[in-house]
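Just data24.cif here, mmCIF, C-alpha atoms:
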```cif
data_target
loop_
_atom_site.label_atom_id
_atom_site.label_comp_id
_atom_site.auth_asym_id
_atom_site.auth_seq_id
_atom_site.Cartn_x
_atom_site.Cartn_y
_atom_site.Cartn_z
CA MET A 87 -0.88 -8.67 9.57
CA LEU A 88 -2.74 -6.80 12.33
CA ASP A 89 -0.40 -8.04 15.09
CA VAL A 90 0.47 -5.56 17.83
CA ILE A 91 4.13 -5.97 18.71
CA SER A 92 6.63 -4.41 21.05
CA MET A 93 10.13 -3.78 19.70
CA GLN A 94 13.10 -1.62 20.61
CA LEU A 95 13.75 1.29 18.24
CA LEU A 96 17.21 2.84 18.19
CA ARG A 97 16.74 5.98 16.09
CA PRO A 98 14.91 7.37 13.08
CA ARG A 99 16.34 6.50 9.67
CA GLN A 100 14.62 9.14 7.60
CA SER A 101 15.52 9.42 3.97
CA GLY A 102 13.90 12.37 2.22
CA TYR A 103 10.13 11.93 2.27
CA GLN A 104 10.44 8.40 3.71
CA ARG A 105 10.18 9.68 7.28
CA GLU A 106 8.57 6.56 8.73
CA ASN A 107 11.79 4.50 8.63
CA TRP A 108 13.52 3.51 11.90
CA ILE A 109 16.59 1.49 12.88
CA LEU A 110 15.54 -1.49 15.03
CA ASP A 111 17.62 -2.92 17.88
CA SER A 112 18.21 -6.46 16.64
CA SER A 113 19.51 -7.56 20.05
CA VAL A 114 16.04 -7.16 21.62
CA ARG A 115 13.45 -9.79 20.84
CA TRP A 116 10.06 -8.65 19.51
CA THR A 117 7.05 -9.44 21.67
CA LYS A 118 3.53 -9.98 20.36
CA LEU A 119 1.06 -8.09 22.54
CA GLY A 120 -2.14 -8.96 20.68
CA GLN A 121 -4.03 -8.11 17.52
CA ILE A 122 -6.03 -5.12 16.40
CA GLY A 123 -9.52 -5.36 14.98
CA TRP A 124 -11.55 -3.52 12.38
CA ALA A 125 -12.62 -0.80 14.84
CA ASP A 126 -8.94 -0.05 15.57
CA LEU A 127 -8.27 0.37 11.86
CA TYR A 128 -11.05 2.96 11.65
CA ARG A 129 -9.30 4.96 14.38
CA MET A 130 -5.97 4.82 12.51
CA GLU A 131 -7.44 5.59 9.09
CA GLN A 132 -5.97 8.59 7.31
CA HIS A 133 -8.05 10.96 5.19
CA PRO A 134 -5.74 12.57 2.64
CA THR A 135 -7.39 14.66 -0.07
CA GLN A 136 -5.27 12.72 -2.56
CA LEU A 137 -2.52 10.12 -2.47
CA TRP A 138 0.44 12.46 -2.54
CA ILE A 139 0.32 14.26 -5.88
CA ASN A 140 -2.03 13.35 -8.73
CA SER A 141 -0.10 14.96 -11.55
CA GLY A 142 -2.09 13.43 -14.39
CA ASP A 143 1.04 11.48 -15.30
CA SER A 144 0.27 7.75 -15.22
CA THR A 145 1.89 4.59 -16.53
CA ALA A 146 0.28 2.70 -19.42
CA ARG A 147 -1.50 0.29 -17.03
CA GLY A 148 -1.90 2.59 -14.06
CA LEU A 149 -3.86 5.66 -13.11
CA ASN A 150 -2.53 8.36 -10.78
CA ASP A 151 0.24 5.86 -10.00
CA ARG A 152 3.36 7.99 -10.14
CA VAL A 153 4.79 11.37 -9.25
CA PRO A 154 7.56 13.10 -11.22
CA VAL A 155 10.75 13.12 -9.12
CA GLU A 156 10.95 16.91 -9.59
CA ARG A 157 7.98 17.20 -7.18
CA GLU A 158 9.62 15.14 -4.42
CA GLY A 159 10.14 18.28 -2.31
CA GLU A 160 6.34 18.60 -1.91
CA ILE A 161 6.07 15.16 -0.27
CA THR A 162 6.37 14.66 3.49
CA ASP A 163 5.71 10.93 3.99
CA SER A 164 5.71 7.62 2.16
CA LEU A 165 2.89 5.61 3.75
CA LYS A 166 -0.88 6.08 4.00
CA LEU A 167 -3.53 3.89 5.63
CA ILE A 168 -6.79 4.46 3.78
CA ARG A 169 -10.18 2.77 3.65
CA VAL A 170 -12.03 2.04 0.43
CA ASP A 171 -15.62 0.83 0.08
CA SER A 172 -14.57 -1.63 -2.60
CA LEU A 173 -11.78 -2.34 -5.05
CA ARG A 174 -11.07 -4.44 -8.07
CA ILE A 175 -7.98 -6.58 -8.42
CA THR A 176 -6.92 -6.96 -12.04
CA VAL A 177 -4.48 -9.66 -13.09
CA GLY A 178 -2.92 -9.22 -16.50
CA ARG A 179 -0.01 -10.17 -18.65
CA PRO A 180 3.28 -8.55 -17.65
CA TYR A 181 5.17 -6.09 -19.85
CA ASP A 182 8.02 -8.62 -19.99
CA ALA A 183 6.98 -12.19 -20.92
CA ASN A 184 9.63 -13.57 -18.52
CA ARG A 185 7.97 -12.00 -15.45
CA ASP A 186 5.02 -13.04 -13.27
CA LEU A 187 1.49 -11.89 -14.01
CA ASP A 188 0.84 -8.21 -13.23
CA VAL A 189 -1.49 -7.57 -10.24
CA ARG A 190 -3.11 -4.15 -9.82
CA ALA A 191 -5.68 -2.61 -7.50
CA GLU A 192 -8.34 -0.30 -8.93
CA PHE A 193 -10.18 1.91 -6.44
CA ARG A 194 -11.63 5.34 -5.78
CA HIS A 195 -10.46 7.45 -2.84
CA ALA A 196 -11.35 11.04 -1.92
CA GLY A 197 -12.89 11.66 -5.33
CA SER A 198 -9.93 10.35 -7.37
CA ASP A 199 -9.55 7.08 -9.25
CA TYR A 200 -6.39 4.99 -8.89
CA ILE A 201 -4.91 1.91 -10.51
CA LEU A 202 -1.80 0.91 -8.53
CA LYS A 203 0.54 -2.05 -8.63
CA VAL A 204 -0.03 -4.49 -5.75
CA THR A 205 3.16 -5.41 -3.86
CA ASP A 206 1.39 -7.24 -0.99
CA SER A 207 2.99 -10.68 -1.52
CA ILE A 208 0.00 -12.58 -0.11
CA TYR A 209 -2.48 -10.90 -2.46
CA GLU A 210 -0.10 -11.05 -5.42
CA GLU A 211 0.25 -14.81 -5.02
CA LYS A 212 -3.46 -15.37 -4.29
CA PHE A 213 -4.64 -13.56 -7.41
CA ARG A 214 -1.88 -14.77 -9.73
CA LYS A 215 -3.07 -18.30 -8.93
CA ARG A 216 -6.59 -17.32 -10.01
CA GLY A 217 -5.22 -16.23 -13.38
CA ILE A 218 -5.89 -13.37 -15.75
CA GLY A 219 -9.11 -11.55 -14.93
CA THR A 220 -10.79 -9.00 -12.69
CA TYR A 221 -11.84 -9.77 -9.12
CA ARG A 222 -13.94 -7.64 -6.77
CA LEU A 223 -13.22 -7.11 -3.07
CA GLY A 224 -15.48 -5.40 -0.56
CA GLU A 225 -14.62 -2.80 2.04
CA SER A 226 -10.89 -2.88 2.71
CA PHE A 227 -8.06 -0.93 4.27
CA LEU A 228 -5.05 -0.34 2.05
CA THR A 229 -1.56 0.58 3.06
CA VAL A 230 -0.37 2.66 0.13
CA SER A 231 3.34 3.26 -0.22
CA LEU A 232 5.41 5.71 -2.24
CA GLY A 233 8.59 4.01 -3.43
CA GLU A 234 12.02 5.40 -4.12
CA GLU A 235 12.86 7.07 -7.42
CA PHE A 236 12.90 4.84 -10.50
CA LYS A 237 13.58 6.30 -13.95
CA GLY A 238 12.49 9.81 -12.96
CA TYR A 239 9.35 8.89 -11.01
CA LEU A 240 8.17 7.94 -7.53
CA TYR A 241 5.68 5.09 -7.85
CA LYS A 242 2.57 4.58 -5.69
CA MET A 243 1.93 0.95 -4.70
CA VAL A 244 -0.57 -0.99 -2.61
CA ALA A 245 1.76 -2.55 -0.04
CA ALA A 246 -0.96 -4.25 2.03
CA ILE A 247 -4.64 -5.13 1.71
CA ILE A 248 -6.82 -5.87 4.73
CA GLU A 249 -10.30 -7.04 3.84
CA ARG A 250 -13.05 -6.45 6.38
CA ARG A 251 -14.00 -10.10 6.32
CA GLN A 252 -10.42 -11.00 7.41
CA ALA A 253 -10.12 -8.59 10.31
CA ASN A 254 -11.43 -9.26 13.79
CA VAL A 255 -14.64 -7.34 14.35
CA GLY A 256 -13.56 -6.33 17.87
CA SER A 257 -10.65 -4.41 19.28
CA ARG A 258 -7.54 -5.52 21.06
#
```
Just give me the structure of the file as structure tokens.
Amino acid sequence: MLDVISMQLLRPRQSGYQRENWILDSSVRWTKLGQIGWADLYRMEQHPTQLWINSGDSTARGLNDRVPVEREGEITDSLKLIRVDSLRITVGRPYDANRDLDVRAEFRHAGSDYILKVTDSIYEEKFRKRGIGTYRLGESFLTVSLGEEFKGYLYKMVAAIIERRQANVGSR
């Protein structure tokens, strides 16, 4: 996380609203150039008025966490880098008893409340180990992702969490 790397891109691999996808040249080795700091994240921060579409249609454990597939044509990207002053991580029992504990992020952004599934594997593991409960994090950057269609909806997820206390204070 936060590494600056150089890699060879071959061509875009856009698929509908997922316009950020690219084909990488696997014959060229990646090179680490450095790391970005908190100040760099501020410069890259996006300021959407909402995370895609808040249709009022939420899952039982989420809030503003999905978009009906019929509205896909209104969406032009699948990733957002946003900053939140604070968030709560909630760990709960899964819908299916055979699955891992459910990890969700609760936060407010641009005047709207969200409860989204966390898919950041580091944070999922970290908070599952802590067990069922609610945990507070301070100022953080979130990479929020809009997944592919599943059962008639596009689901919003927190794909990465970067806490201020983890990031370098300086720049690269």
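Residue nearest Ser113 of chain A, chosen from A:Leu96, A:Ile168, A:Leu232, A:Ile248 and counting only C-alpha atoms: A:Leu96.
Taking atom CA of Leu240 of chain A and atom CA of Arg190 of chain A as the two end points, the separation is 16.7 Å.
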Quote the spacing between atom CA of Trp124 of chain A and atom CA of Phe227 of chain A in Å to one decimal place. 9.2 Å
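Nearest residue to Pro180 of chain A, choosing from A:Arg214, A:Leu165, A:Glu235, A:Arg97 and counting all atoms listed in the file: A:Arg214.
Picked out by the PyMOL selection byres ((chain A and resi 191) around 7) when it runs on this file: Leu173, Arg174, Ile175, Thr176, Arg190, Glu192, Phe193, Ile201, Leu202, Lys203 and Val204 of chain A.
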Could you state the separation of atom CA of Asp206 of chain A and atom CA of Tyr241 of chain A in Å, given to one decimal place? 14.7 Å
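Restricting the calculation to only C-alpha atoms, the smallest distance between Tyr181 of chain A and any of A:Ala146, A:Leu228, A:Leu119, A:Ala196 is found for A:Ala146.
This file, filtered with the PyMOL selection byres ((chain A and resi 162) around 8), gives the residues Gly102, Tyr103, Gln104, Arg105, Gly159, Glu160, Ile161, Asp163 and Ser164 of chain A.
Within the 12 Å cut-off around Lys215 of chain A, using all atoms listed in the file and omitting residues fewer than 5 positions from it on the same chain, the listed residues are Val177, Gly178, Asp186, Leu187, Asp188, Val189, Ile208, Tyr209 and Glu210 of chain A.
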Judged by only C-alpha atoms, the minimum distance to Val244 of chain A among A:Glu225, A:Ile218, A:Asp171, A:Thr205 is found for A:Thr205
So that I can check the surroundings of Arg129 of chain A, please list as a list of chain:residue names every protein, DNA and RNA residue that reaches within 12 Å of it, counting only C-alpha atoms and ignoring chain neighbours fewer than 2 positions away. A:Ile122, A:Gly123, A:Trp124, A:Ala125, A:Asp126, A:Leu127, A:Glu131, A:Gln132, A:His133, A:Leu167, A:Ile168, A:Arg169, A:Phe227, A:Ser257
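Among the candidates A:Gln100, A:Ser172, A:Asn184, A:Thr135, the one nearest to Ile247 of chain A when counting all atoms listed in the file is A:Ser172.
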Kindly output segment 107-129 of chain A as a PDB file, in the frame of the given file, after building N, CA, C and O atoms.
```pdb
ATOM      1  N   ASN A 107      10.762   5.530   8.444  1.00  0.00           N
ATOM      2  CA  ASN A 107      11.790   4.500   8.630  1.00  0.00           C
ATOM      3  C   ASN A 107      12.534   4.671   9.957  1.00  0.00           C
ATOM      4  O   ASN A 107      12.887   5.778  10.345  1.00  0.00           O
ATOM      5  N   TRP A 108      12.782   3.532  10.629  1.00  0.00           N
ATOM      6  CA  TRP A 108      13.520   3.510  11.900  1.00  0.00           C
ATOM      7  C   TRP A 108      14.542   2.382  11.872  1.00  0.00           C
ATOM      8  O   TRP A 108      14.342   1.363  11.216  1.00  0.00           O
ATOM      9  N   ILE A 109      15.612   2.551  12.652  1.00  0.00           N
ATOM     10  CA  ILE A 109      16.590   1.490  12.880  1.00  0.00           C
ATOM     11  C   ILE A 109      16.101   0.698  14.101  1.00  0.00           C
ATOM     12  O   ILE A 109      15.820   1.284  15.157  1.00  0.00           O
ATOM     13  N   LEU A 110      15.984  -0.623  13.951  1.00  0.00           N
ATOM     14  CA  LEU A 110      15.540  -1.490  15.030  1.00  0.00           C
ATOM     15  C   LEU A 110      16.738  -2.058  15.776  1.00  0.00           C
ATOM     16  O   LEU A 110      17.779  -2.322  15.180  1.00  0.00           O
ATOM     17  N   ASP A 111      16.588  -2.275  17.071  1.00  0.00           N
ATOM     18  CA  ASP A 111      17.620  -2.920  17.880  1.00  0.00           C
ATOM     19  C   ASP A 111      17.458  -4.424  17.711  1.00  0.00           C
ATOM     20  O   ASP A 111      16.539  -5.022  18.266  1.00  0.00           O
ATOM     21  N   SER A 112      18.331  -5.037  16.940  1.00  0.00           N
ATOM     22  CA  SER A 112      18.210  -6.460  16.640  1.00  0.00           C
ATOM     23  C   SER A 112      18.578  -7.351  17.828  1.00  0.00           C
ATOM     24  O   SER A 112      18.326  -8.545  17.809  1.00  0.00           O
ATOM     25  N   SER A 113      19.151  -6.756  18.877  1.00  0.00           N
ATOM     26  CA  SER A 113      19.510  -7.560  20.050  1.00  0.00           C
ATOM     27  C   SER A 113      18.319  -7.765  20.993  1.00  0.00           C
ATOM     28  O   SER A 113      18.384  -8.574  21.910  1.00  0.00           O
ATOM     29  N   VAL A 114      17.226  -7.034  20.764  1.00  0.00           N
ATOM     30  CA  VAL A 114      16.040  -7.160  21.620  1.00  0.00           C
ATOM     31  C   VAL A 114      14.958  -7.907  20.855  1.00  0.00           C
ATOM     32  O   VAL A 114      14.596  -7.526  19.733  1.00  0.00           O
ATOM     33  N   ARG A 115      14.477  -8.948  21.460  1.00  0.00           N
ATOM     34  CA  ARG A 115      13.450  -9.790  20.840  1.00  0.00           C
ATOM     35  C   ARG A 115      12.114  -9.062  20.767  1.00  0.00           C
ATOM     36  O   ARG A 115      11.723  -8.367  21.691  1.00  0.00           O
ATOM     37  N   TRP A 116      11.391  -9.236  19.664  1.00  0.00           N
ATOM     38  CA  TRP A 116      10.060  -8.650  19.510  1.00  0.00           C
ATOM     39  C   TRP A 116       9.075  -9.460  20.356  1.00  0.00           C
ATOM     40  O   TRP A 116       9.205 -10.681  20.484  1.00  0.00           O
ATOM     41  N   THR A 117       8.074  -8.784  20.869  1.00  0.00           N
ATOM     42  CA  THR A 117       7.050  -9.440  21.670  1.00  0.00           C
ATOM     43  C   THR A 117       5.678  -9.130  21.077  1.00  0.00           C
ATOM     44  O   THR A 117       5.348  -7.974  20.861  1.00  0.00           O
ATOM     45  N   LYS A 118       4.895 -10.185  20.847  1.00  0.00           N
ATOM     46  CA  LYS A 118       3.530  -9.980  20.360  1.00  0.00           C
ATOM     47  C   LYS A 118       2.641  -9.665  21.554  1.00  0.00           C
ATOM     48  O   LYS A 118       2.589 -10.419  22.516  1.00  0.00           O
ATOM     49  N   LEU A 119       1.935  -8.521  21.467  1.00  0.00           N
ATOM     50  CA  LEU A 119       1.060  -8.090  22.540  1.00  0.00           C
ATOM     51  C   LEU A 119      -0.398  -8.430  22.274  1.00  0.00           C
ATOM     52  O   LEU A 119      -1.220  -8.428  23.187  1.00  0.00           O
ATOM     53  N   GLY A 120      -0.758  -8.664  21.024  1.00  0.00           N
ATOM     54  CA  GLY A 120      -2.140  -8.960  20.680  1.00  0.00           C
ATOM     55  C   GLY A 120      -2.386  -8.690  19.211  1.00  0.00           C
ATOM     56  O   GLY A 120      -1.451  -8.686  18.413  1.00  0.00           O
ATOM     57  N   GLN A 121      -3.645  -8.442  18.894  1.00  0.00           N
ATOM     58  CA  GLN A 121      -4.030  -8.110  17.520  1.00  0.00           C
ATOM     59  C   GLN A 121      -5.052  -6.988  17.558  1.00  0.00           C
ATOM     60  O   GLN A 121      -5.819  -6.875  18.505  1.00  0.00           O
ATOM     61  N   ILE A 122      -5.027  -6.165  16.510  1.00  0.00           N
ATOM     62  CA  ILE A 122      -6.030  -5.120  16.400  1.00  0.00           C
ATOM     63  C   ILE A 122      -7.191  -5.620  15.564  1.00  0.00           C
ATOM     64  O   ILE A 122      -7.050  -6.569  14.790  1.00  0.00           O
ATOM     65  N   GLY A 123      -8.325  -4.981  15.731  1.00  0.00           N
ATOM     66  CA  GLY A 123      -9.520  -5.360  14.980  1.00  0.00           C
ATOM     67  C   GLY A 123      -9.934  -4.238  14.035  1.00  0.00           C
ATOM     68  O   GLY A 123      -9.261  -3.205  13.908  1.00  0.00           O
ATOM     69  N   TRP A 124     -11.044  -4.460  13.389  1.00  0.00           N
ATOM     70  CA  TRP A 124     -11.550  -3.520  12.380  1.00  0.00           C
ATOM     71  C   TRP A 124     -11.787  -2.135  12.985  1.00  0.00           C
ATOM     72  O   TRP A 124     -11.464  -1.122  12.383  1.00  0.00           O
ATOM     73  N   ALA A 125     -12.344  -2.086  14.191  1.00  0.00           N
ATOM     74  CA  ALA A 125     -12.620  -0.800  14.840  1.00  0.00           C
ATOM     75  C   ALA A 125     -11.326  -0.019  15.070  1.00  0.00           C
ATOM     76  O   ALA A 125     -11.300   1.206  14.946  1.00  0.00           O
ATOM     77  N   ASP A 126     -10.244  -0.716  15.389  1.00  0.00           N
ATOM     78  CA  ASP A 126      -8.940  -0.050  15.570  1.00  0.00           C
ATOM     79  C   ASP A 126      -8.459   0.556  14.262  1.00  0.00           C
ATOM     80  O   ASP A 126      -7.877   1.634  14.245  1.00  0.00           O
ATOM     81  N   LEU A 127      -8.686  -0.145  13.161  1.00  0.00           N
ATOM     82  CA  LEU A 127      -8.270   0.370  11.860  1.00  0.00           C
ATOM     83  C   LEU A 127      -9.003   1.666  11.534  1.00  0.00           C
ATOM     84  O   LEU A 127      -8.409   2.605  10.997  1.00  0.00           O
ATOM     85  N   TYR A 128     -10.289   1.729  11.871  1.00  0.00           N
ATOM     86  CA  TYR A 128     -11.050   2.960  11.650  1.00  0.00           C
ATOM     87  C   TYR A 128     -10.405   4.128  12.397  1.00  0.00           C
ATOM     88  O   TYR A 128     -10.342   5.245  11.885  1.00  0.00           O
ATOM     89  N   ARG A 129      -9.927   3.881  13.593  1.00  0.00           N
ATOM     90  CA  ARG A 129      -9.300   4.960  14.380  1.00  0.00           C
ATOM     91  C   ARG A 129      -7.949   5.398  13.795  1.00  0.00           C
ATOM     92  O   ARG A 129      -7.532   6.524  13.986  1.00  0.00           O
TER      93      ARG A 129
END
```
